[in-house]
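S.K.: Structure file coords.cif (mmCIF, C-alpha atoms and all ligand atoms) is given on the next line.
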data_structure
loop_
_atom_site.label_atom_id
_atom_site.label_comp_id
_atom_site.auth_asym_id
_atom_site.auth_seq_id
_atom_site.Cartn_x
_atom_site.Cartn_y
_atom_site.Cartn_z
CA MET A 2 -178.43 -159.31 -34.22
CA SER A 3 -178.34 -155.74 -35.48
CA ARG A 4 -180.67 -154.77 -38.29
CA PHE A 5 -179.55 -152.66 -41.24
CA TRP A 6 -181.39 -149.52 -40.08
CA SER A 7 -179.77 -149.50 -36.68
CA GLU A 8 -176.42 -149.71 -38.43
CA LEU A 9 -177.24 -146.84 -40.79
CA ALA A 10 -178.10 -144.36 -38.06
CA GLY A 11 -176.01 -146.09 -35.43
CA ASN A 12 -172.79 -145.31 -37.32
CA LEU A 13 -173.40 -141.56 -37.18
CA THR A 14 -171.59 -139.48 -34.57
CA PRO A 15 -174.25 -137.30 -32.96
CA TYR A 16 -173.47 -133.66 -32.30
CA VAL A 17 -173.20 -132.96 -28.59
CA PRO A 18 -174.35 -129.39 -27.89
CA GLY A 19 -173.43 -127.40 -24.79
CA GLU A 20 -175.45 -128.20 -21.66
CA GLN A 21 -178.77 -126.36 -21.40
CA PRO A 22 -179.77 -126.46 -17.72
CA GLN A 23 -183.19 -124.80 -17.54
CA GLY A 24 -184.39 -122.37 -14.90
CA THR A 25 -181.58 -122.90 -12.39
CA ARG A 26 -179.59 -120.44 -10.32
CA LEU A 27 -176.51 -121.10 -12.43
CA VAL A 28 -174.49 -118.28 -13.95
CA LYS A 29 -174.82 -119.72 -17.44
CA LEU A 30 -171.85 -118.67 -19.59
CA ASN A 31 -171.52 -121.81 -21.74
CA THR A 32 -173.48 -121.38 -24.99
CA ASN A 33 -172.99 -117.75 -26.03
CA GLU A 34 -176.58 -116.63 -25.56
CA SER A 35 -177.28 -112.95 -25.06
CA PRO A 36 -177.69 -112.00 -21.39
CA TYR A 37 -180.22 -109.33 -22.36
CA GLY A 38 -183.82 -109.65 -23.49
CA PRO A 39 -184.67 -109.00 -27.15
CA ALA A 40 -185.88 -105.64 -28.49
CA PRO A 41 -189.08 -104.72 -26.59
CA GLY A 42 -191.11 -104.82 -29.81
CA VAL A 43 -190.40 -108.55 -30.12
CA LEU A 44 -192.43 -109.62 -27.10
CA ALA A 45 -195.13 -107.13 -28.12
CA ALA A 46 -195.30 -108.73 -31.58
CA ILE A 47 -195.50 -112.23 -30.07
CA THR A 48 -198.28 -111.34 -27.64
CA ALA A 49 -200.17 -109.55 -30.43
CA THR A 50 -200.33 -112.82 -32.41
CA THR A 51 -203.87 -113.27 -33.65
CA ASP A 52 -206.07 -116.34 -33.91
CA ASP A 53 -205.77 -116.11 -37.68
CA GLN A 54 -201.98 -116.14 -37.51
CA LEU A 55 -202.15 -119.39 -35.54
CA ARG A 56 -205.04 -120.94 -37.47
CA ARG A 57 -203.51 -120.38 -40.90
CA TYR A 58 -200.28 -121.65 -42.43
CA PRO A 59 -197.51 -119.04 -42.57
CA ASP A 60 -196.28 -117.34 -45.74
CA PRO A 61 -194.00 -120.07 -47.16
CA GLN A 62 -191.71 -117.42 -48.64
CA ALA A 63 -191.71 -115.23 -45.49
CA ASN A 64 -191.68 -112.35 -47.98
CA GLU A 65 -192.04 -109.50 -45.54
CA LEU A 66 -189.16 -110.70 -43.38
CA ARG A 67 -186.99 -111.49 -46.37
CA ALA A 68 -187.52 -108.01 -47.80
CA ALA A 69 -186.76 -106.34 -44.46
CA TRP A 70 -183.60 -108.36 -43.78
CA ALA A 71 -182.43 -107.95 -47.38
CA ALA A 72 -182.90 -104.17 -47.18
CA ARG A 73 -180.81 -104.02 -44.01
CA GLU A 74 -177.94 -105.70 -45.88
CA GLY A 75 -178.42 -103.64 -49.07
CA LEU A 76 -179.65 -106.70 -50.98
CA ALA A 77 -182.81 -107.84 -52.82
CA ALA A 78 -185.38 -110.22 -51.28
CA ASP A 79 -184.35 -113.06 -53.61
CA GLU A 80 -180.81 -112.84 -52.25
CA VAL A 81 -181.99 -114.00 -48.80
CA PHE A 82 -182.84 -117.45 -47.49
CA LEU A 83 -184.41 -118.06 -44.07
CA GLY A 84 -184.35 -121.04 -41.75
CA ASN A 85 -185.07 -122.22 -38.22
CA GLY A 86 -181.81 -120.98 -36.76
CA SER A 87 -178.58 -120.74 -38.72
CA ASP A 88 -177.93 -124.42 -37.95
CA GLU A 89 -180.78 -125.33 -40.30
CA VAL A 90 -179.53 -122.85 -42.92
CA LEU A 91 -176.03 -124.33 -42.68
CA ALA A 92 -177.37 -127.88 -42.91
CA HIS A 93 -179.09 -126.95 -46.18
CA ALA A 94 -175.90 -125.29 -47.42
CA PHE A 95 -173.96 -128.51 -46.79
CA GLN A 96 -176.52 -130.42 -48.83
CA ALA A 97 -177.10 -127.95 -51.65
CA LEU A 98 -173.88 -126.07 -52.15
CA LEU A 99 -170.88 -127.94 -50.82
CA LYS A 100 -171.44 -131.44 -52.15
CA HIS A 101 -168.56 -131.83 -54.58
CA ALA A 102 -166.26 -134.63 -55.55
CA GLU A 103 -163.43 -132.71 -53.84
CA PRO A 104 -163.21 -132.26 -50.06
CA VAL A 105 -164.74 -129.22 -48.37
CA LEU A 106 -162.23 -127.20 -46.35
CA PHE A 107 -162.76 -125.75 -42.89
CA PRO A 108 -160.46 -124.75 -40.05
CA ASP A 109 -159.36 -127.07 -37.30
CA ILE A 110 -160.38 -125.66 -34.79
CA SER A 111 -163.85 -124.28 -35.62
CA TYR A 112 -167.57 -124.97 -35.16
CA SER A 113 -167.87 -128.63 -34.21
CA PHE A 114 -171.10 -129.09 -36.16
CA TYR A 115 -169.32 -128.92 -39.58
CA PRO A 116 -167.84 -132.46 -39.53
CA VAL A 117 -171.18 -133.78 -38.24
CA TRP A 118 -173.02 -132.42 -41.30
CA CYS A 119 -170.28 -133.74 -43.58
CA GLU A 120 -170.79 -137.19 -42.17
CA LEU A 121 -174.57 -136.91 -42.30
CA TYR A 122 -174.68 -135.71 -45.91
CA ASP A 123 -171.70 -137.70 -47.21
CA VAL A 124 -169.56 -134.66 -47.89
CA GLU A 125 -165.80 -135.23 -48.04
CA PHE A 126 -163.84 -132.75 -45.92
CA ARG A 127 -160.29 -131.71 -45.06
CA THR A 128 -159.50 -129.59 -42.01
CA ILE A 129 -156.90 -126.82 -42.21
CA PRO A 130 -154.94 -126.30 -38.98
CA LEU A 131 -154.99 -122.84 -37.43
CA ALA A 132 -151.69 -120.93 -37.32
CA GLN A 133 -149.58 -121.03 -34.16
CA ASP A 134 -151.39 -117.92 -32.82
CA PHE A 135 -154.79 -119.60 -33.50
CA SER A 136 -155.57 -117.30 -36.46
CA ILE A 137 -156.81 -118.41 -39.90
CA LYS A 138 -154.39 -117.80 -42.80
CA PRO A 139 -156.27 -117.13 -46.06
CA GLY A 140 -153.39 -118.51 -48.15
CA ASP A 141 -153.92 -121.96 -46.60
CA TYR A 142 -157.30 -122.14 -48.38
CA ALA A 143 -155.88 -121.67 -51.90
CA GLN A 144 -155.99 -125.38 -52.71
CA ARG A 145 -158.23 -127.60 -54.78
CA CYS A 146 -161.46 -128.26 -52.91
CA GLY A 147 -165.23 -128.70 -53.11
CA GLY A 148 -166.08 -125.60 -51.07
CA ILE A 149 -164.99 -123.69 -47.99
CA ILE A 150 -166.74 -122.87 -44.74
CA ILE A 151 -165.28 -120.51 -42.15
CA PRO A 152 -166.90 -118.93 -39.11
CA ASN A 153 -166.09 -115.23 -38.83
CA PRO A 154 -165.24 -114.50 -36.07
CA ASN A 155 -164.04 -118.06 -35.63
CA ALA A 156 -165.59 -120.18 -32.89
CA PRO A 157 -164.40 -120.92 -30.27
CA THR A 158 -161.34 -118.65 -30.65
CA GLY A 159 -163.24 -115.39 -31.32
CA ILE A 160 -160.52 -114.27 -33.76
CA LEU A 161 -161.79 -112.17 -36.70
CA LEU A 162 -160.78 -112.22 -40.37
CA SER A 163 -160.85 -108.84 -42.14
CA LEU A 164 -162.98 -108.32 -45.24
CA GLU A 165 -159.72 -108.04 -47.20
CA GLN A 166 -158.72 -111.55 -46.03
CA ILE A 167 -162.14 -112.94 -46.99
CA ARG A 168 -161.80 -111.31 -50.40
CA GLU A 169 -158.42 -113.02 -50.80
CA ILE A 170 -160.08 -116.41 -50.20
CA LEU A 171 -162.94 -115.61 -52.61
CA ILE A 172 -160.55 -114.54 -55.35
CA SER A 173 -158.41 -117.66 -54.96
CA GLN A 174 -161.52 -119.90 -55.15
CA PRO A 175 -163.89 -118.51 -57.83
CA ASP A 176 -165.30 -121.93 -58.77
CA VAL A 177 -166.53 -123.22 -55.42
CA VAL A 178 -168.90 -121.81 -52.81
CA VAL A 179 -167.32 -120.02 -49.86
CA VAL A 180 -169.61 -119.96 -46.81
CA ILE A 181 -168.87 -117.35 -44.14
CA ASP A 182 -170.71 -118.23 -40.93
CA GLU A 183 -171.30 -114.89 -39.18
CA ALA A 184 -173.01 -116.10 -35.99
CA TYR A 185 -170.86 -113.66 -33.97
CA ILE A 186 -170.19 -110.88 -36.50
CA ASP A 187 -172.15 -108.15 -34.67
CA PHE A 188 -169.77 -107.99 -31.70
CA GLY A 189 -167.00 -106.07 -33.46
CA GLY A 190 -166.70 -107.46 -37.00
CA GLU A 191 -167.85 -106.22 -40.39
CA SER A 192 -170.27 -108.38 -42.34
CA ALA A 193 -169.13 -109.84 -45.67
CA THR A 194 -172.62 -109.22 -47.15
CA SER A 195 -171.10 -106.10 -48.80
CA LEU A 196 -168.94 -108.45 -50.94
CA ILE A 197 -171.94 -110.35 -52.36
CA PRO A 198 -172.55 -108.08 -55.41
CA ARG A 199 -168.98 -108.79 -56.64
CA HIS A 200 -168.69 -112.45 -55.62
CA ASP A 201 -171.40 -114.82 -56.82
CA ASN A 202 -169.75 -117.73 -54.95
CA LEU A 203 -170.13 -116.15 -51.49
CA LEU A 204 -172.80 -117.28 -49.03
CA VAL A 205 -172.99 -115.32 -45.77
CA VAL A 206 -174.92 -116.97 -42.94
CA GLN A 207 -176.27 -115.01 -39.97
CA THR A 208 -178.45 -115.71 -36.95
CA ALA A 209 -180.88 -113.89 -34.68
CA SER A 210 -179.75 -116.15 -31.80
CA LYS A 211 -176.85 -114.11 -30.45
CA SER A 212 -176.89 -110.36 -31.16
CA ARG A 213 -180.71 -110.28 -31.38
CA SER A 214 -181.24 -112.34 -28.19
CA LEU A 215 -183.53 -114.82 -29.95
CA ALA A 216 -181.83 -118.22 -29.54
CA GLY A 217 -185.10 -119.63 -28.19
CA LEU A 218 -187.04 -118.55 -31.28
CA ARG A 219 -184.82 -120.19 -33.98
CA VAL A 220 -184.30 -117.69 -36.79
CA GLY A 221 -181.33 -117.76 -39.17
CA ALA A 222 -180.60 -116.38 -42.64
CA ALA A 223 -178.26 -116.79 -45.59
CA PHE A 224 -177.35 -114.05 -48.05
CA GLY A 225 -175.87 -114.62 -51.49
CA HIS A 226 -176.30 -114.57 -55.25
CA ARG A 227 -179.84 -115.55 -56.25
CA ASP A 228 -178.58 -118.80 -57.82
CA LEU A 229 -177.15 -119.92 -54.47
CA ILE A 230 -180.37 -118.93 -52.72
CA ALA A 231 -182.39 -120.87 -55.33
CA GLY A 232 -180.26 -123.95 -54.54
CA LEU A 233 -181.03 -123.63 -50.84
CA GLU A 234 -184.74 -123.14 -51.57
CA ARG A 235 -184.75 -126.29 -53.67
CA VAL A 236 -183.32 -128.39 -50.84
CA LYS A 237 -185.60 -126.77 -48.25
CA ASP A 238 -188.69 -127.41 -50.34
CA SER A 239 -187.81 -131.07 -50.41
CA PHE A 240 -188.07 -131.15 -46.61
CA ASN A 241 -190.70 -128.71 -45.47
CA SER A 242 -191.83 -125.64 -47.33
CA TYR A 243 -192.27 -123.40 -44.28
CA PRO A 244 -189.04 -121.68 -43.32
CA LEU A 245 -190.39 -120.03 -40.18
CA ASP A 246 -193.65 -120.13 -38.27
CA ASN A 247 -195.86 -117.05 -38.12
CA ILE A 248 -194.74 -116.06 -34.64
CA ALA A 249 -191.05 -116.25 -35.55
CA GLN A 250 -191.64 -114.20 -38.73
CA ARG A 251 -193.45 -111.42 -36.80
CA ALA A 252 -190.94 -111.44 -33.96
CA ALA A 253 -187.89 -111.29 -36.24
CA LEU A 254 -189.45 -108.38 -38.13
CA ALA A 255 -189.94 -106.53 -34.85
CA SER A 256 -186.28 -107.14 -33.97
CA LEU A 257 -185.07 -105.80 -37.33
CA ALA A 258 -187.22 -102.69 -36.84
CA ASP A 259 -185.32 -101.63 -33.70
CA GLU A 260 -181.82 -100.69 -34.80
CA SER A 261 -181.13 -98.57 -31.71
CA TRP A 262 -181.87 -101.47 -29.31
CA PHE A 263 -179.63 -103.66 -31.49
CA SER A 264 -176.60 -101.40 -31.49
CA ALA A 265 -176.94 -100.55 -27.78
CA SER A 266 -177.23 -104.24 -26.84
CA CYS A 267 -174.17 -105.24 -28.93
CA GLN A 268 -172.21 -102.32 -27.51
CA ARG A 269 -173.01 -103.39 -23.96
CA VAL A 270 -171.70 -106.90 -24.63
CA ILE A 271 -168.55 -105.48 -26.26
CA SER A 272 -167.72 -103.17 -23.37
CA THR A 273 -168.28 -105.94 -20.81
CA ARG A 274 -166.04 -108.22 -22.90
CA GLU A 275 -163.21 -105.68 -22.92
CA ARG A 276 -163.48 -105.09 -19.17
CA VAL A 277 -163.53 -108.82 -18.37
CA ALA A 278 -160.63 -109.54 -20.77
CA LEU A 279 -158.46 -107.03 -18.88
CA ARG A 280 -159.37 -108.53 -15.51
CA LEU A 281 -158.62 -112.05 -16.76
CA LEU A 282 -155.24 -110.90 -18.09
CA GLY A 283 -154.50 -109.53 -14.63
CA MET A 284 -155.30 -112.96 -13.14
CA GLY A 285 -152.69 -114.73 -15.25
CA PHE A 286 -154.88 -115.79 -18.18
CA GLU A 287 -153.89 -115.55 -21.81
CA VAL A 288 -156.91 -114.07 -23.62
CA LEU A 289 -157.17 -114.54 -27.39
CA PRO A 290 -158.23 -111.30 -29.16
CA SER A 291 -162.02 -111.80 -29.36
CA LYS A 292 -164.53 -110.00 -31.58
CA ALA A 293 -167.33 -112.32 -30.43
CA ASN A 294 -169.64 -112.47 -27.39
CA PHE A 295 -167.24 -114.84 -25.64
CA VAL A 296 -163.57 -114.99 -24.67
CA PHE A 297 -161.25 -117.96 -25.14
CA VAL A 298 -158.71 -118.09 -22.34
CA ARG A 299 -156.03 -120.30 -20.79
CA HIS A 300 -154.27 -119.90 -17.49
CA ALA A 301 -150.49 -119.81 -17.24
CA SER A 302 -150.35 -122.41 -14.47
CA ARG A 303 -153.81 -123.88 -13.79
CA ASP A 304 -155.39 -126.78 -15.59
CA ALA A 305 -158.51 -125.91 -17.62
CA ALA A 306 -160.46 -129.05 -16.67
CA GLU A 307 -159.81 -128.33 -13.00
CA LEU A 308 -160.87 -124.67 -13.38
CA PHE A 309 -164.01 -125.76 -15.22
CA SER A 310 -165.02 -128.10 -12.36
CA ALA A 311 -164.13 -125.59 -9.64
CA LEU A 312 -166.29 -122.96 -11.37
CA ARG A 313 -169.10 -125.45 -11.75
CA GLU A 314 -169.01 -126.13 -8.00
CA ARG A 315 -169.51 -122.40 -7.52
CA GLN A 316 -172.57 -122.38 -9.82
CA VAL A 317 -170.71 -120.82 -12.78
CA ILE A 318 -170.93 -122.84 -15.97
CA VAL A 319 -168.46 -122.18 -18.81
CA ARG A 320 -167.34 -124.36 -21.74
CA TYR A 321 -164.36 -126.69 -21.77
CA PHE A 322 -163.27 -128.58 -24.91
CA ASN A 323 -161.46 -131.84 -24.33
CA LYS A 324 -159.67 -131.65 -27.69
CA PRO A 325 -155.98 -131.59 -28.68
CA ARG A 326 -154.48 -128.06 -28.87
CA ILE A 327 -157.38 -126.39 -27.04
CA ASP A 328 -157.75 -128.58 -23.96
CA GLN A 329 -156.12 -125.91 -21.80
CA PHE A 330 -158.68 -123.27 -22.81
CA LEU A 331 -162.00 -122.22 -21.34
CA ARG A 332 -164.61 -120.49 -23.49
CA ILE A 333 -166.54 -117.99 -21.42
CA SER A 334 -169.68 -116.33 -22.83
CA ILE A 335 -170.15 -112.65 -22.03
CA GLY A 336 -173.05 -112.26 -19.61
CA THR A 337 -174.36 -109.23 -17.74
CA ASP A 338 -171.86 -107.20 -15.72
CA ALA A 339 -173.24 -108.81 -12.55
CA GLU A 340 -172.79 -112.33 -13.99
CA MET A 341 -169.24 -111.54 -15.07
CA ASP A 342 -168.47 -110.15 -11.62
CA ALA A 343 -169.72 -113.46 -10.16
CA LEU A 344 -167.36 -115.31 -12.53
CA LEU A 345 -164.40 -113.09 -11.62
CA GLU A 346 -165.14 -113.45 -7.92
CA ALA A 347 -165.33 -117.24 -8.26
CA LEU A 348 -162.03 -117.30 -10.16
CA GLU A 349 -160.35 -115.15 -7.54
CA ALA A 350 -161.45 -117.64 -4.88
CA ILE A 351 -160.17 -120.60 -6.94
CA LEU A 352 -156.79 -119.21 -8.11
N1 LIG B 1 -172.52 -121.11 -36.24
C1 LIG B 1 -171.72 -121.02 -35.16
C2 LIG B 1 -170.27 -120.75 -35.37
C3 LIG B 1 -172.27 -121.18 -33.87
O1 LIG B 1 -171.46 -121.11 -32.80
C4 LIG B 1 -173.65 -121.42 -33.73
C5 LIG B 1 -174.27 -121.56 -32.36
N2 LIG B 1 -173.97 -122.67 -31.66
C6 LIG B 1 -174.42 -121.53 -34.88
C7 LIG B 1 -173.84 -121.36 -36.12
C8 LIG B 1 -175.89 -121.90 -34.84
O2 LIG B 1 -176.68 -120.99 -34.17
P1 LIG B 1 -178.27 -120.95 -34.38
O3 LIG B 1 -178.70 -122.26 -34.96
O4 LIG B 1 -178.81 -120.70 -33.03
O5 LIG B 1 -178.52 -119.83 -35.33
#
Please rewrite the model in this file as structure tokens.

M.R.:
Amino acid sequence: MSRFWSELAGNLTPYVPGEQPQGTRLVKLNTNESPYGPAPGVLAAITATTDDQLRRYPDPQANELRAAWAAREGLAADEVFLGNGSDEVLAHAFQALLKHAEPVLFPDISYSFYPVWCELYDVEFRTIPLAQDFSIKPGDYAQRCGGIIIPNPNAPTGILLSLEQIREILISQPDVVVVIDEAYIDFGGESATSLIPRHDNLLVVQTASKSRSLAGLRVGAAFGHRDLIAGLERVKDSFNSYPLDNIAQRAALASLADESWFSASCQRVISTRERVALRLLGMGFEVLPSKANFVFVRHASRDAAELFSALRERQVIVRYFNKPRIDQFLRISIGTDAEMDALLEALEAIL
């Protein structure tokens, strides 16, 4: 006989993340990590961690990091919220800012964690289909709702909305919170943080996981009007008042201090992406226009599930989504040039 608690949790649909095989010889192009190490100062900051920094609790406000990240975005420290990866920041946003009587809107297709949080936190939602060309049409979001969340660039398509299009959504929805999830913004997009001073309903979420090569550290941030940030703080404090441990705070500060490493690293990923996109086009793939650190591609004549398995047999792991409309696509993260050459070589052998 099932007990009530097993029913409560048992009815939830757990989020299934991409595979994380550890320490293998695989060419791992499945979860959009950076192929490059973080800024050199990051490891230096971690190894310079002192006994005191481990012995004592961290600054619960992470004030130094907040001030540094805020300054980079032209904002004040109380317009920044920090969390253990942007997933945690987004989870708090679903609890604090999107819980309305009306359904929250997000694109179908987009980040598969959104419906999971809706279910977990009892948030009603309605998905808005992408246009025929897989783009997001701002006009589709001008309908009564309890909030909006859109990844920009979208995942897994990689297609970018312009700031003008985001402004159109903000203007059509002044009374609900619009969350722009910028996990991949640094690979060719322009951040919407510049719109925050004019739009008090905008929350921009970023992460150090992709463009700062720190997925293993778990650092994410949200930027917005101080009232939105206060709402997030209130929810966070009800869980655990430490946004980031001492090591993560020091390491993220060191990353923010090295702007030249940051732009060079993003630029490397972008140029590899453009080179690989051209090669894939030449092999008969359709390549959606990506401004992210991955490409979303489908082959004119070969089945995606079959390509996925054939690549896997050759030690190359990419992502395949067994979902209507996108089940003929592969999402391929941008790795080093050598990794991408291994992918292209494997594809040439398969096709
Ligand atoms: N948003 C999107 C669109 C993502 O693809 C991811 C990474 N899977 C995240 C947020 C969360 O990333 P993290 O928690 O590592 O910051």

S.K.: Taking all atoms listed in the file into account, name the residue in A:Glu65, A:Tyr122, A:Pro18, A:Ser214 that is nearest to Trp262 of chain A.

M.R.: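 The closest residue to Trp262 of chain A is A:Ser214.
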
S.K.: Please return as a ChimeraX atom specification the residues found within 6 Å of ligand LIG 1 (chain B), counting all atoms listed in the file.

M.R.: /A:86-88,112,152,156,182,184,208,210,216,221

S.K.: Could you give me, as JSON, numbers by chain, the residues within 6 Å of Ser334 of chain A, counting all atoms listed in the file and dropping anything in the same chain fewer than 5 positions from it?

M.R.: {"A": [30, 31, 33, 294, 295]}

S.K.: Taking all atoms listed in the file into account, which of A:Val298, A:Leu203, A:Val124, A:Ala253 comes nearest Gly159 of chain A?

M.R.: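 The shortest atom-to-atom distance to Gly159 of chain A comes from A:Val298.
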
S.K.: Taking into account all atoms listed in the file, which residue in the set A:Asp238, A:Thr32, A:Pro108, A:Gln21 is nearest to Tyr321 of chain A?

M.R.: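 With all atoms listed in the file as the atom set, the closest residue is A:Thr32.
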
S.K.: Quick one: everything within 10 Å of Leu215 of chain A, counting all atoms listed in the file, minus sequence neighbours fewer than 5 positions away in the same chain. Send it as a ChimeraX atom specification.

M.R.: /A:34-35,37-40,43,86,208-210,220-221,249,252-253,256

S.K.: From the options A:Ile149, A:Leu345, A:Val270, A:Leu218, which residue's atoms come nearest to Gly189 of chain A, counting all atoms listed in the file?

M.R.: A:Val270

S.K.: Taking only C-alpha atoms into account, name the residue in A:Val179, A:Leu352, A:Ala305, A:Leu257 that is nearest to Gly225 of chain A.

M.R.: A:Val179

S.K.: Could you state the separation of atom CA of Pro198 of chain A and atom CA of Glu183 of chain A in Å, given to one decimal place?

M.R.: 17.6 Å
